[in-house]
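Asks: Let me begin by handing over the structure; questions about it come next.
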Amino acid sequence: MDMPLAKPVAEMTPFSVFTPYYSETVLYSSSELRSENEDGISILFYLQKIFPDEWKNFLERIGRGESTGDADLEESSSDSLELRFWASYRGQTLARTVRGMMYYRRALMLQSFLERKTFGERVDSYSGASPLCSQGFELSREARAQADLKFTYVVSCQIYGQQKQRKAPEAADIALLMQRNEALRVAFIHVEETAQSDGSISKEFYSKLVKADVHGKDQEIYSIKLPGDPKIGEGKPENQNHAIIFTRGDAIQTIDMNQDNYLEEAMKMRNLLEEFRGNHGLRPPTILGVREHVFTGSVSSLAWFMSNQETSFVTLGQRVLANPLKVRMHYGHPDVFDRVFHLSRGGISKASRVINISEDIFAGFNSTLRQGNITHHEYIQVGKGRDVGLNQIALFEGKVAGGNGEQVLSRDVYRIGQLFDFIRMLSFFFTTVGYYVCTMMTVLTIYIFLYGRAYLALSGLDQAITHEAKLLGNTALDAVLNAQFLVQIGVFTAVPMIMGFILELGLLKAVFSFITMQLQLCSVFFTFSLGTRTHYFGRTILHGGAKYKATGRGFVVRHIKFAENYRLYSRSHFVKALEVALLLIVYIAYGYTEGGAVSFILLTVSSWFLVISWLFAPYIFNPSGFEWQKTVEDFDDWMGWLLYKGGVGVKGENSWEAWWDEEQMHIHTWRGRILETILSLRFFIFQYGIVYKLHLTGKNTSLALYGFSWVVLVGIVMIFKIFTFSPKKSADFQLVMRFIQGVTSLALIAGLCLVVYFTDLSIPDLFASVLAFIPTGWAILCLAITWRRIVRSLGLWESVREFARLYDAAMGMIIFSPIAVLSWFPFISTFQSRLLFNQAFSRGLEISIILAGNKANVQA
């Protein structure tokens with residue numbers, strides 16, 4: 001925590017701040033602030049309830065009383081504009097980021113002003129400013145000039161030129177920010193089209209830098225002709241690469257769109273820049289790591305978990321990685337780069353499509369491979385907004401996990417592995433790809449263990465081995481067989497956070513915070529996150545092709561529909577959880593344990609916890625997730641989505657068929673198809689094992705029995721086709737089909753009753769058959785999707801799609817049923833609100849009004 005002495009502003013290292021922007025919110029418009037969601041909640045209403053004191057202060061600041069209505073503010077254009085800025089400064093907008101970064105300029109102006117005053121110069125003559133005036137430093141021409149020599153802020157708005165051409169509101173808002181902040185510069189790509197003599201159109205691309213002139217218009221400062229279209233790689237790094245030439249000084253701080261800054265922190269920037277001249281081992285530093293302060297932690301319990309997790313990573317984690325391990329890379333923002341070092345070594349971003357989706361960490365790889373030195377400093381921090389809803393968090397973690405999968409496949413990690421010594425390599429592995437490899441191995445271990453138990457149960461070996469161990473007195477073998485499935489894995493991911501709590505807050509507060517988090521079901525959240533990381537990391541390793549996912553940075557204290565959650569988590573969590581549940585049911589049905597039912601429960605409790613977390617976390621952490629009216633609306637919406645036919649231009653959020661097609665896009669390589677085929681074969685184990693456990697088969701172990709089970713399966717499929725066939729010809733033919741379907745259903749019921757009565761087939765056998773055939777059907781579906789070209793050529797694709805729809809409908813009903821039952825009880829919804837928004841309640845916020853909706857209040 002030792003901070004180097006700061007040099008006078010005139011002698012400090014000049015620096016730039018750099019922010020890439022694409023099409024995110026710049027400034028909330030009046031209509032956006034007042035537009036209501038389905039519950040009648042507007043952004044303005046939400047902010048007034050979340051920040052009641054700040055709202056009161058705002059009204060006082062603009063000379064309005066507390067009784068002022070929203071419509072009264074609209075009457076005055078200046079008040080309306082100030083309201084837009086007030087709201088935007090409390091969201092994750094470009095306006096908030098620009099305001100925060102401009103504190104650097106204010107800090108330098110104040111420091112320069114005070115230095116000149118200290119040296120005895122006359123400061124009261126600058127533009128009539130009095131030294132007693134609190135704003136005197138802002139009126140000093142010398143202080144402003146000195147600050148502008150040392151600081152520049154470039155926002156790279158890639159499509160600003162296009163936004164201006166189509167008169168988009170974002171362009172007007174960016175122009176407004178430039179007018180309000182004279183040191184702000186905006187870089188963008190300008191395209192000039194010229195018609196050729198042969199009728200074709202040639203395009204020329206320019207990188208342009210503009211500022212606001214005295215009349216508020218855009219004034220062009222620089223224009224650089226580019227060799228071609230710069231957008232050939234990933235969007236964000238390309239956005240940074242074309243505009244980095246417009247930055248000035250010896251240092252450059254990379255700031256993201258969801259960040260903020262504080263004046264008191266900006267005062268310490270001179271001290272931080274002196275670190276470039278300090279002693280940090282063999283080589284001078286090339287990236288100065290800066291800690292982050294996550295300011296979104298008080299909205300809900302999820303935001304608090306995410307905030308604590310991030311804080312432990314960017315404080316406790318980073319300080320250890322930097323010293324003594326020396327393996328800290330550039331994990332996002334707001335690190336300060338040695339500009340000259342990086343400009344001469346390929347820039348601060350790698351932009352190769354797909355492989356460099358996590359472009360920030362590749363800047364760290366680049367620096368390390370070129371003998372750079374990356375440090376970490378905790379005496380200065382920059383604000384950071386994080387995702388606050390489960391869906392946003394899942395998309396973010398999916399993006400990071402997918403990016404990490406691409407890192408595994410990258411040449412940078414290969415080269416680092418070749419060049420690091422063994423000890424440093426272990427540290428590097430643990431802190432980058434190793435974390436995700438270990439996460440995936442944890443989940444794979446559960447699968448391998450459960451499939452092993454299922455094999456022992458179906459083969460009868462567990463009973464034989466247990467009896468043999470008792471006869472031989474081999475207690476070790478007996479203990480292994482009765483081992484706990486796995487200690488609860490979700491808690492382990494929170495260990496670094498607990499250590500961070502102890503170091504930052506002390507032992508007593510750390511214990512209290514941890515207990516509070518457990519009461520708010522943090523173990524469910526972390527277990528769920530484990531599944532998210534595993535799925536996206538594993539999919540990228542198998543198939544490649546990670547994609548950038550826009551997580552959105554809005555306010556998310558709103559109810560997420562059942563269908564939206566189902567679309568997002570179906571393949572990543574629900575399918576895997578039901579597979580684990582199926583394995584557990586097989587183990588309970590056919591396994592052998594000494595202690596009976598109690599032993600079964602104790603042995604499987606942690607695995608059932610995993611199943612429940614993966615199936616129901618999206619609904620436990622969904623505001624108003626157990627409110628009856630919302631549940632009814634969700635069911636109608638889900639059924640409409642499930643049964644809606646796809647077509648050209650129909651999106652996955654509107655139709656199950658379109659979504660189902662989108663979910664298969666990742667399988668596109670021969671390697672991926674072969675691996676998917678091998679993995680799908682595991683589902684045939686259930687049918688093979690259970691067939692020989694039926695009462696009907698007795699002790700018969702003939703292979704013909706397994707063959708006969710396939711005949712039965714084909715029969716079931718044919719019956720399904722009869723029931724789902726809906727002719728589009730004449731009405732008479734439809735009547736005939738309805739008659740055939742009715743006769744078939746009656747014959748099926750009668751046939752089952754006769755078989756049960758006259759043969760050894762029992763009622764439990766029927767349930768066991770369902771347990772056997774469901775995984776087989778899923779395996780056939782997986783294989784059909786993997787080899788869809790062959791299936792299409794055989795004309796079976798429509799049938800496969802209908803089977804898949806049936807499976808998704810069944811999975812949805814399994815998940816939806818407990819939610820519907822719990823929604824009957826009104827106290828469940830109240831309990832859930834308290835669970836999710838405990839911080840808000842403890843701060844006295846009217847979160848219940850926000851959750852209930854504002855329409856009732858408006859009508860009243």
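In the structure tokens, chains take letters A, B, ... by order of appearance, with residues numbered from 1 within each chain and ligands from 1 in the order shown.
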Please list as a short mmCIF file (atom, residue, chain, number, x, y, z; two decimals) with C-alpha atoms, in the first residue's frame every residue within 10 Å of Asp173 in chain A, counting only C-alpha atoms and excluding residues in the same chain fewer than 5 positions away.
Replies:
```cif
data_model
loop_
_atom_site.label_atom_id
_atom_site.label_comp_id
_atom_site.auth_asym_id
_atom_site.auth_seq_id
_atom_site.Cartn_x
_atom_site.Cartn_y
_atom_site.Cartn_z
CA THR A 25 -27.27 3.74 -23.74
CA VAL A 26 -25.62 7.17 -23.75
CA LEU A 27 -28.28 9.13 -21.90
CA TYR A 28 -31.77 8.03 -20.92
CA SER A 29 -34.41 9.83 -22.98
CA LEU A 94 -21.86 6.38 -21.21
CA ALA A 95 -22.83 9.66 -19.53
CA ALA A 168 -30.18 8.71 -34.20
CA MET A 178 -18.91 16.76 -25.97
CA GLN A 179 -20.48 20.18 -25.42
#
```
Asks: List the neighbours of Met499 in chain A out to 12 Å using only C-alpha atoms; skip same-chain residues closer than 3 positions along the sequence, and give me the result as a list in words.
Replies: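 Here the qualifying residues turn out to be Asn308, Gln309, Thr311, Ser312, Phe313, Thr315, Leu316, Gly317, Phe492, Thr493, Ala494, Val495, Pro496, Ile502, Leu503, Glu504, Leu505, Gly506, Leu507, Lys509, Ala510, Val511, Ser513 and Phe514 of chain A.
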Asks: Counting only C-alpha atoms, what are the residues of range 727-842 of chain A within 9 Å of range 676-694 of chain A, and for each of them which pair of atoms is the nearest and at what distance in Å, to one decimal? Sort the table by chain and rising number, as CSV.
Replies:
```
residue,atom,partner,partner_atom,distance
A:Leu761,CA,A:Leu694,CA,7.8
A:Ser762,CA,A:Leu694,CA,8.4
A:Pro764,CA,A:Leu694,CA,8.4
A:Asp765,CA,A:Leu694,CA,5.7
A:Ala768,CA,A:Ile690,CA,6.9
A:Ser769,CA,A:Val691,CA,7.5
A:Leu771,CA,A:Phe686,CA,7.6
A:Ala772,CA,A:Gln687,CA,4.2
A:Phe773,CA,A:Gln687,CA,6.1
A:Ile774,CA,A:Gln687,CA,8.7
A:Pro775,CA,A:Phe683,CA,5.2
A:Thr776,CA,A:Phe684,CA,5.4
A:Gly777,CA,A:Phe683,CA,8.7
A:Trp778,CA,A:Phe683,CA,7.5
A:Ala779,CA,A:Ser680,CA,5.4
A:Ile780,CA,A:Ser680,CA,8.2
A:Cys782,CA,A:Ser680,CA,6.5
A:Leu783,CA,A:Thr677,CA,6.1
A:Thr786,CA,A:Glu676,CA,6.9
A:Trp787,CA,A:Thr677,CA,8.9
```
Asks: Can you tell me, as a VMD selection string, which residues in range 203-239 of chain A count as alpha helix (DSSP H) by DSSP?
Replies: chain A and resid 235 to 239
Asks: Could you list, as a PyMOL selection string, every residue within 12 Å of Val712 in chain A, counting only C-alpha atoms and ignoring same-chain residues fewer than 2 positions away?
Replies: chain A and resi 687+691+705-710+714-719+769-770+772-773
Asks: Could you take the residues named above and write them with all heavy atoms, as a CSV table (one decimal), in the first residue's frame?
Replies:
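What landed in again-v5.csv:
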```csv
chain,number,residue,atom,x,y,z
A,687,GLN,N,-31.4,-48.3,-20.6
A,687,GLN,CA,-32.3,-49.3,-21.2
A,687,GLN,C,-31.7,-50.7,-21.1
A,687,GLN,O,-32.4,-51.6,-20.7
A,687,GLN,CB,-32.6,-49.0,-22.7
A,687,GLN,CG,-33.6,-49.9,-23.3
A,687,GLN,CD,-33.7,-49.7,-24.8
A,687,GLN,OE1,-33.3,-48.7,-25.3
A,687,GLN,NE2,-34.3,-50.7,-25.5
A,691,VAL,N,-33.8,-53.4,-18.5
A,691,VAL,CA,-34.5,-54.5,-19.1
A,691,VAL,C,-34.4,-55.8,-18.4
A,691,VAL,O,-35.3,-56.5,-18.2
A,691,VAL,CB,-34.1,-54.6,-20.6
A,691,VAL,CG1,-34.5,-56.0,-21.2
A,691,VAL,CG2,-34.7,-53.5,-21.4
A,705,LEU,N,-33.6,-60.5,-25.3
A,705,LEU,CA,-34.5,-59.6,-24.4
A,705,LEU,C,-34.3,-58.1,-24.8
A,705,LEU,O,-35.2,-57.3,-24.9
A,705,LEU,CB,-34.2,-59.8,-23.0
A,705,LEU,CG,-35.0,-61.0,-22.3
A,705,LEU,CD1,-34.5,-61.2,-20.9
A,705,LEU,CD2,-36.5,-60.8,-22.3
A,706,TYR,N,-33.0,-57.8,-24.9
A,706,TYR,CA,-32.6,-56.4,-25.2
A,706,TYR,C,-33.1,-56.0,-26.6
A,706,TYR,O,-33.7,-54.9,-26.8
A,706,TYR,CB,-31.1,-56.2,-25.1
A,706,TYR,CG,-30.6,-54.8,-25.4
A,706,TYR,CD1,-31.1,-53.7,-24.6
A,706,TYR,CD2,-29.7,-54.5,-26.4
A,706,TYR,CE1,-30.7,-52.4,-24.8
A,706,TYR,CE2,-29.3,-53.2,-26.6
A,706,TYR,CZ,-29.8,-52.2,-25.8
A,706,TYR,OH,-29.4,-50.9,-26.0
A,707,GLY,N,-33.0,-57.0,-27.5
A,707,GLY,CA,-33.6,-56.8,-28.9
A,707,GLY,C,-35.1,-56.6,-28.9
A,707,GLY,O,-35.6,-55.7,-29.6
A,708,PHE,N,-35.8,-57.4,-28.0
A,708,PHE,CA,-37.2,-57.3,-27.9
A,708,PHE,C,-37.6,-55.9,-27.4
A,708,PHE,O,-38.7,-55.3,-27.8
A,708,PHE,CB,-37.8,-58.4,-27.1
A,708,PHE,CG,-39.3,-58.4,-26.9
A,708,PHE,CD1,-40.1,-58.7,-28.0
A,708,PHE,CD2,-39.9,-58.0,-25.7
A,708,PHE,CE1,-41.5,-58.7,-27.9
A,708,PHE,CE2,-41.3,-58.0,-25.6
A,708,PHE,CZ,-42.1,-58.3,-26.7
A,709,SER,N,-36.8,-55.3,-26.4
A,709,SER,CA,-37.1,-54.0,-25.9
A,709,SER,C,-37.1,-52.9,-27.0
A,709,SER,O,-37.9,-52.0,-26.9
A,709,SER,CB,-36.1,-53.7,-24.8
A,709,SER,OG,-34.8,-53.4,-25.3
A,710,TRP,N,-36.2,-53.1,-28.0
A,710,TRP,CA,-36.2,-52.2,-29.1
A,710,TRP,C,-37.5,-52.3,-30.0
A,710,TRP,O,-38.0,-51.3,-30.5
A,710,TRP,CB,-35.0,-52.4,-30.0
A,710,TRP,CG,-33.8,-51.7,-29.4
A,710,TRP,CD1,-32.8,-52.2,-28.6
A,710,TRP,CD2,-33.4,-50.3,-29.6
A,710,TRP,NE1,-31.9,-51.3,-28.2
A,710,TRP,CE2,-32.2,-50.1,-28.8
A,710,TRP,CE3,-34.0,-49.3,-30.3
A,710,TRP,CZ2,-31.6,-48.9,-28.8
A,710,TRP,CZ3,-33.4,-48.0,-30.2
A,710,TRP,CH2,-32.2,-47.8,-29.5
A,714,VAL,N,-40.0,-49.3,-30.7
A,714,VAL,CA,-40.5,-48.9,-32.1
A,714,VAL,C,-42.1,-48.9,-32.1
A,714,VAL,O,-42.7,-48.0,-32.7
A,714,VAL,CB,-40.0,-49.9,-33.2
A,714,VAL,CG1,-40.7,-49.7,-34.5
A,714,VAL,CG2,-38.5,-49.8,-33.3
A,715,GLY,N,-42.7,-49.8,-31.4
A,715,GLY,CA,-44.1,-49.8,-31.3
A,715,GLY,C,-44.7,-48.6,-30.6
A,715,GLY,O,-45.7,-48.0,-31.1
A,716,ILE,N,-44.0,-48.2,-29.5
A,716,ILE,CA,-44.4,-46.9,-28.8
A,716,ILE,C,-44.3,-45.7,-29.7
A,716,ILE,O,-45.2,-44.9,-29.8
A,716,ILE,CB,-43.5,-46.8,-27.5
A,716,ILE,CG1,-43.8,-47.8,-26.5
A,716,ILE,CG2,-43.7,-45.4,-26.9
A,716,ILE,CD1,-42.8,-47.9,-25.4
A,717,VAL,N,-43.2,-45.7,-30.5
A,717,VAL,CA,-43.0,-44.6,-31.5
A,717,VAL,C,-44.1,-44.6,-32.5
A,717,VAL,O,-44.7,-43.5,-32.9
A,717,VAL,CB,-41.6,-44.7,-32.2
A,717,VAL,CG1,-41.5,-43.7,-33.3
A,717,VAL,CG2,-40.5,-44.5,-31.2
A,718,MET,N,-44.5,-45.7,-33.0
A,718,MET,CA,-45.6,-45.8,-34.0
A,718,MET,C,-46.9,-45.3,-33.4
A,718,MET,O,-47.7,-44.6,-34.1
A,718,MET,CB,-45.7,-47.2,-34.5
A,718,MET,CG,-44.5,-47.8,-35.3
A,718,MET,SD,-44.0,-46.7,-36.7
A,718,MET,CE,-45.5,-46.9,-37.8
A,719,ILE,N,-47.2,-45.7,-32.2
A,719,ILE,CA,-48.4,-45.3,-31.5
A,719,ILE,C,-48.4,-43.8,-31.4
A,719,ILE,O,-49.4,-43.1,-31.6
A,719,ILE,CB,-48.6,-46.0,-30.1
A,719,ILE,CG1,-48.9,-47.5,-30.4
A,719,ILE,CG2,-49.7,-45.4,-29.3
A,719,ILE,CD1,-48.7,-48.4,-29.1
A,769,SER,N,-40.0,-49.3,-17.2
A,769,SER,CA,-39.9,-49.2,-18.7
A,769,SER,C,-39.8,-47.7,-19.1
A,769,SER,O,-39.0,-47.3,-20.0
A,769,SER,CB,-41.1,-49.8,-19.4
A,769,SER,OG,-41.2,-51.2,-19.0
A,770,VAL,N,-40.6,-46.9,-18.5
A,770,VAL,CA,-40.5,-45.4,-18.7
A,770,VAL,C,-39.1,-44.9,-18.4
A,770,VAL,O,-38.5,-44.1,-19.2
A,770,VAL,CB,-41.6,-44.6,-17.9
A,770,VAL,CG1,-41.3,-43.1,-18.0
A,770,VAL,CG2,-43.0,-45.0,-18.4
A,772,ALA,N,-36.4,-46.5,-18.5
A,772,ALA,CA,-35.5,-47.1,-19.5
A,772,ALA,C,-35.6,-46.4,-20.8
A,772,ALA,O,-34.6,-46.1,-21.5
A,772,ALA,CB,-35.7,-48.6,-19.6
A,773,PHE,N,-36.8,-46.1,-21.3
A,773,PHE,CA,-37.0,-45.6,-22.6
A,773,PHE,C,-36.8,-44.1,-22.8
A,773,PHE,O,-36.5,-43.7,-23.9
A,773,PHE,CB,-38.4,-46.0,-23.1
A,773,PHE,CG,-38.6,-47.5,-23.4
A,773,PHE,CD1,-39.8,-48.1,-23.1
A,773,PHE,CD2,-37.6,-48.2,-24.0
A,773,PHE,CE1,-39.9,-49.5,-23.3
A,773,PHE,CE2,-37.7,-49.6,-24.2
A,773,PHE,CZ,-38.9,-50.2,-23.9
```
Asks: Quick one: distance from CA of Phe45 in chain A to CA of Leu33 in chain A in Å, one decimal?
Replies: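 The value is 8.3 Å.
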Asks: Could you tell me which of A:Leu461, A:Ile815, A:Val154, A:Ile667 comes closest to Tyr619 in chain A if we count only C-alpha atoms?
Replies: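 Comparing A:Leu461, A:Ile815, A:Val154, A:Ile667 against Tyr619 in chain A, the winner is A:Ile815.
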Asks: Excluding range 157-160 of chain A and residues on its chain fewer than 6 positions from it, collect all residues at most 6 Å away from it, counting only C-alpha atoms, and give them as an mmCIF file with N, CA and C atoms, in the first residue's frame.
Replies:
```
data_model
loop_
_atom_site.group_PDB
_atom_site.id
_atom_site.type_symbol
_atom_site.label_atom_id
_atom_site.label_comp_id
_atom_site.auth_asym_id
_atom_site.auth_seq_id
_atom_site.Cartn_x
_atom_site.Cartn_y
_atom_site.Cartn_z
ATOM 1 N N TYR A 21 -17.068 2.327 -27.317
ATOM 2 C CA TYR A 21 -18.532 2.409 -27.231
ATOM 3 C C TYR A 21 -19.102 1.922 -28.555
ATOM 4 N N TYR A 22 -20.215 1.166 -28.488
ATOM 5 C CA TYR A 22 -20.839 0.733 -29.741
ATOM 6 C C TYR A 22 -22.247 1.323 -29.859
ATOM 7 N N ALA A 187 -13.826 9.426 -31.335
ATOM 8 C CA ALA A 187 -13.264 8.835 -32.557
ATOM 9 C C ALA A 187 -14.320 7.933 -33.183
ATOM 10 N N PHE A 188 -14.379 7.910 -34.502
ATOM 11 C CA PHE A 188 -15.330 7.042 -35.191
ATOM 12 C C PHE A 188 -14.816 6.706 -36.584
ATOM 13 N N ILE A 189 -15.456 5.729 -37.210
ATOM 14 C CA ILE A 189 -15.082 5.306 -38.562
ATOM 15 C C ILE A 189 -16.040 5.952 -39.561
ATOM 16 N N ASN A 239 -12.644 -1.734 -32.447
ATOM 17 C CA ASN A 239 -13.053 -0.390 -32.045
ATOM 18 C C ASN A 239 -11.919 0.331 -31.318
#
```
Asks: Would you return as an NGL selection string the members of range 330-520 of chain A that DSSP assigns to strand (DSSP E) on this structure's backbone?
Replies: :A and (336-338 or 374-384)
Asks: For those residues, write N, CA, C and O atoms to a file as a PDB file, in the first residue's frame.
Replies:
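Full text of result_39.pdb as output:
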```
ATOM      1  N   VAL A 336      -3.778   0.510 -16.243  1.00  0.00           N
ATOM      2  CA  VAL A 336      -3.082   1.597 -16.948  1.00  0.00           C
ATOM      3  C   VAL A 336      -1.908   0.985 -17.717  1.00  0.00           C
ATOM      4  O   VAL A 336      -1.046   0.326 -17.130  1.00  0.00           O
ATOM      5  N   PHE A 337      -1.883   1.193 -19.035  1.00  0.00           N
ATOM      6  CA  PHE A 337      -0.867   0.611 -19.916  1.00  0.00           C
ATOM      7  C   PHE A 337       0.265   1.601 -20.178  1.00  0.00           C
ATOM      8  O   PHE A 337       0.029   2.816 -20.261  1.00  0.00           O
ATOM      9  N   ASP A 338       1.481   1.068 -20.321  1.00  0.00           N
ATOM     10  CA  ASP A 338       2.586   1.850 -20.876  1.00  0.00           C
ATOM     11  C   ASP A 338       2.295   1.989 -22.377  1.00  0.00           C
ATOM     12  O   ASP A 338       2.438   1.037 -23.148  1.00  0.00           O
ATOM     13  N   ILE A 374       3.718  -6.877 -15.060  1.00  0.00           N
ATOM     14  CA  ILE A 374       2.365  -6.429 -14.691  1.00  0.00           C
ATOM     15  C   ILE A 374       2.250  -6.394 -13.169  1.00  0.00           C
ATOM     16  O   ILE A 374       2.525  -7.384 -12.494  1.00  0.00           O
ATOM     17  N   THR A 375       1.851  -5.250 -12.642  1.00  0.00           N
ATOM     18  CA  THR A 375       1.777  -5.049 -11.182  1.00  0.00           C
ATOM     19  C   THR A 375       0.320  -4.833 -10.766  1.00  0.00           C
ATOM     20  O   THR A 375      -0.579  -4.817 -11.597  1.00  0.00           O
ATOM     21  N   HIS A 376       0.117  -4.645  -9.463  1.00  0.00           N
ATOM     22  CA  HIS A 376      -1.229  -4.374  -8.939  1.00  0.00           C
ATOM     23  C   HIS A 376      -1.115  -3.384  -7.789  1.00  0.00           C
ATOM     24  O   HIS A 376      -0.243  -3.516  -6.935  1.00  0.00           O
ATOM     25  N   HIS A 377      -2.019  -2.393  -7.776  1.00  0.00           N
ATOM     26  CA  HIS A 377      -1.936  -1.318  -6.770  1.00  0.00           C
ATOM     27  C   HIS A 377      -3.317  -1.078  -6.162  1.00  0.00           C
ATOM     28  O   HIS A 377      -4.294  -0.948  -6.894  1.00  0.00           O
ATOM     29  N   GLU A 378      -3.341  -1.030  -4.837  1.00  0.00           N
ATOM     30  CA  GLU A 378      -4.631  -0.979  -4.146  1.00  0.00           C
ATOM     31  C   GLU A 378      -4.924   0.358  -3.481  1.00  0.00           C
ATOM     32  O   GLU A 378      -5.947   0.491  -2.825  1.00  0.00           O
ATOM     33  N   TYR A 379      -4.047   1.336  -3.653  1.00  0.00           N
ATOM     34  CA  TYR A 379      -4.325   2.626  -3.023  1.00  0.00           C
ATOM     35  C   TYR A 379      -5.226   3.494  -3.897  1.00  0.00           C
ATOM     36  O   TYR A 379      -5.605   4.593  -3.518  1.00  0.00           O
ATOM     37  N   ILE A 380      -5.563   3.005  -5.078  1.00  0.00           N
ATOM     38  CA  ILE A 380      -6.461   3.742  -5.973  1.00  0.00           C
ATOM     39  C   ILE A 380      -7.464   2.750  -6.543  1.00  0.00           C
ATOM     40  O   ILE A 380      -7.147   1.591  -6.773  1.00  0.00           O
ATOM     41  N   GLN A 381      -8.701   3.207  -6.730  1.00  0.00           N
ATOM     42  CA  GLN A 381      -9.719   2.314  -7.286  1.00  0.00           C
ATOM     43  C   GLN A 381     -10.628   3.089  -8.235  1.00  0.00           C
ATOM     44  O   GLN A 381     -10.716   4.310  -8.181  1.00  0.00           O
ATOM     45  N   VAL A 382     -11.275   2.349  -9.092  1.00  0.00           N
ATOM     46  CA  VAL A 382     -12.221   2.913 -10.064  1.00  0.00           C
ATOM     47  C   VAL A 382     -13.530   2.156  -9.929  1.00  0.00           C
ATOM     48  O   VAL A 382     -13.532   0.940  -9.699  1.00  0.00           O
ATOM     49  N   GLY A 383     -14.648   2.862 -10.045  1.00  0.00           N
ATOM     50  CA  GLY A 383     -15.961   2.226  -9.907  1.00  0.00           C
ATOM     51  C   GLY A 383     -16.253   1.269 -11.047  1.00  0.00           C
ATOM     52  O   GLY A 383     -15.780   1.436 -12.164  1.00  0.00           O
ATOM     53  N   LYS A 384     -17.037   0.231 -10.748  1.00  0.00           N
ATOM     54  CA  LYS A 384     -17.370  -0.780 -11.754  1.00  0.00           C
ATOM     55  C   LYS A 384     -18.802  -1.252 -11.539  1.00  0.00           C
ATOM     56  O   LYS A 384     -19.183  -1.607 -10.434  1.00  0.00           O
TER      57      LYS A 384
END
```
Asks: Which residue, A:Leu83, A:Met811, A:Met12, A:Leu713, has the smallest gap to Glu274 in chain A when you use only C-alpha atoms?
Replies: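 Of the candidates, the smallest distance to Glu274 in chain A is held by A:Met12.
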Asks: Kindly give the distance, in Å, that separates CA of Gly91 in chain A and CA of Met497 in chain A, rounded to a single decimal.
Replies: 26.1 Å
Asks: Rank nothing, just name the residue among A:Ile245, A:Ile785, A:Ala171, A:Ile416 nearest to Lys217 in chain A, using only C-alpha atoms.
Replies: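 Smallest separation from Lys217 in chain A among the options: A:Ala171.
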Asks: What lies within 9 Å of Ser358 in chain A using only C-alpha atoms, ignoring chain neighbours under 3 positions off, as a ChimeraX atom specification?
Replies: /A:332,354-355,361-362,399-400,402-404,406-407,548
Asks: Distance CA of Pro20 in chain A-CA of Leu177 in chain A, one decimal place?
Replies: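 So the answer is 15.2 Å.
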Asks: Report as a PDB file with N, CA, C and O atoms, in the first residue's frame all protein, DNA and RNA residues lying within 8 Å of Leu836 in chain A, evaluated on only C-alpha atoms, omitting residues in the same chain fewer than 6 positions from it.
Replies:
```
ATOM      1  N   SER A 300     -29.891  -6.262  -5.000  1.00  0.00           N
ATOM      2  CA  SER A 300     -30.533  -7.523  -4.626  1.00  0.00           C
ATOM      3  C   SER A 300     -29.479  -8.472  -4.079  1.00  0.00           C
ATOM      4  O   SER A 300     -28.286  -8.172  -4.109  1.00  0.00           O
ATOM      5  N   SER A 301     -29.918  -9.637  -3.593  1.00  0.00           N
ATOM      6  CA  SER A 301     -28.968 -10.603  -3.034  1.00  0.00           C
ATOM      7  C   SER A 301     -28.015 -11.114  -4.118  1.00  0.00           C
ATOM      8  O   SER A 301     -26.825 -11.313  -3.870  1.00  0.00           O
ATOM      9  N   LEU A 302     -28.531 -11.320  -5.349  1.00  0.00           N
ATOM     10  CA  LEU A 302     -27.671 -11.774  -6.445  1.00  0.00           C
ATOM     11  C   LEU A 302     -26.582 -10.751  -6.744  1.00  0.00           C
ATOM     12  O   LEU A 302     -25.427 -11.101  -6.970  1.00  0.00           O
ATOM     13  N   GLN A 520     -29.521 -16.437   2.440  1.00  0.00           N
ATOM     14  CA  GLN A 520     -30.039 -15.937   1.161  1.00  0.00           C
ATOM     15  C   GLN A 520     -29.722 -16.893   0.010  1.00  0.00           C
ATOM     16  O   GLN A 520     -29.784 -16.507  -1.149  1.00  0.00           O
ATOM     17  N   PHE A 621     -34.550 -17.235  -7.838  1.00  0.00           N
ATOM     18  CA  PHE A 621     -33.972 -15.881  -7.896  1.00  0.00           C
ATOM     19  C   PHE A 621     -34.687 -14.979  -8.913  1.00  0.00           C
ATOM     20  O   PHE A 621     -34.117 -14.014  -9.389  1.00  0.00           O
ATOM     21  N   PRO A 623     -37.655 -12.362  -9.416  1.00  0.00           N
ATOM     22  CA  PRO A 623     -38.630 -11.549  -8.670  1.00  0.00           C
ATOM     23  C   PRO A 623     -40.057 -11.929  -9.026  1.00  0.00           C
ATOM     24  O   PRO A 623     -40.381 -12.139 -10.195  1.00  0.00           O
TER      25      PRO A 623
END
```
Asks: May I ask which of the residues A:Ala784, A:Thr604, A:Tyr455, A:Glu66 is the closest one to Val580 in chain A, counting only C-alpha atoms?
Replies: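 Comparing A:Ala784, A:Thr604, A:Tyr455, A:Glu66 against Val580 in chain A, the winner is A:Thr604.
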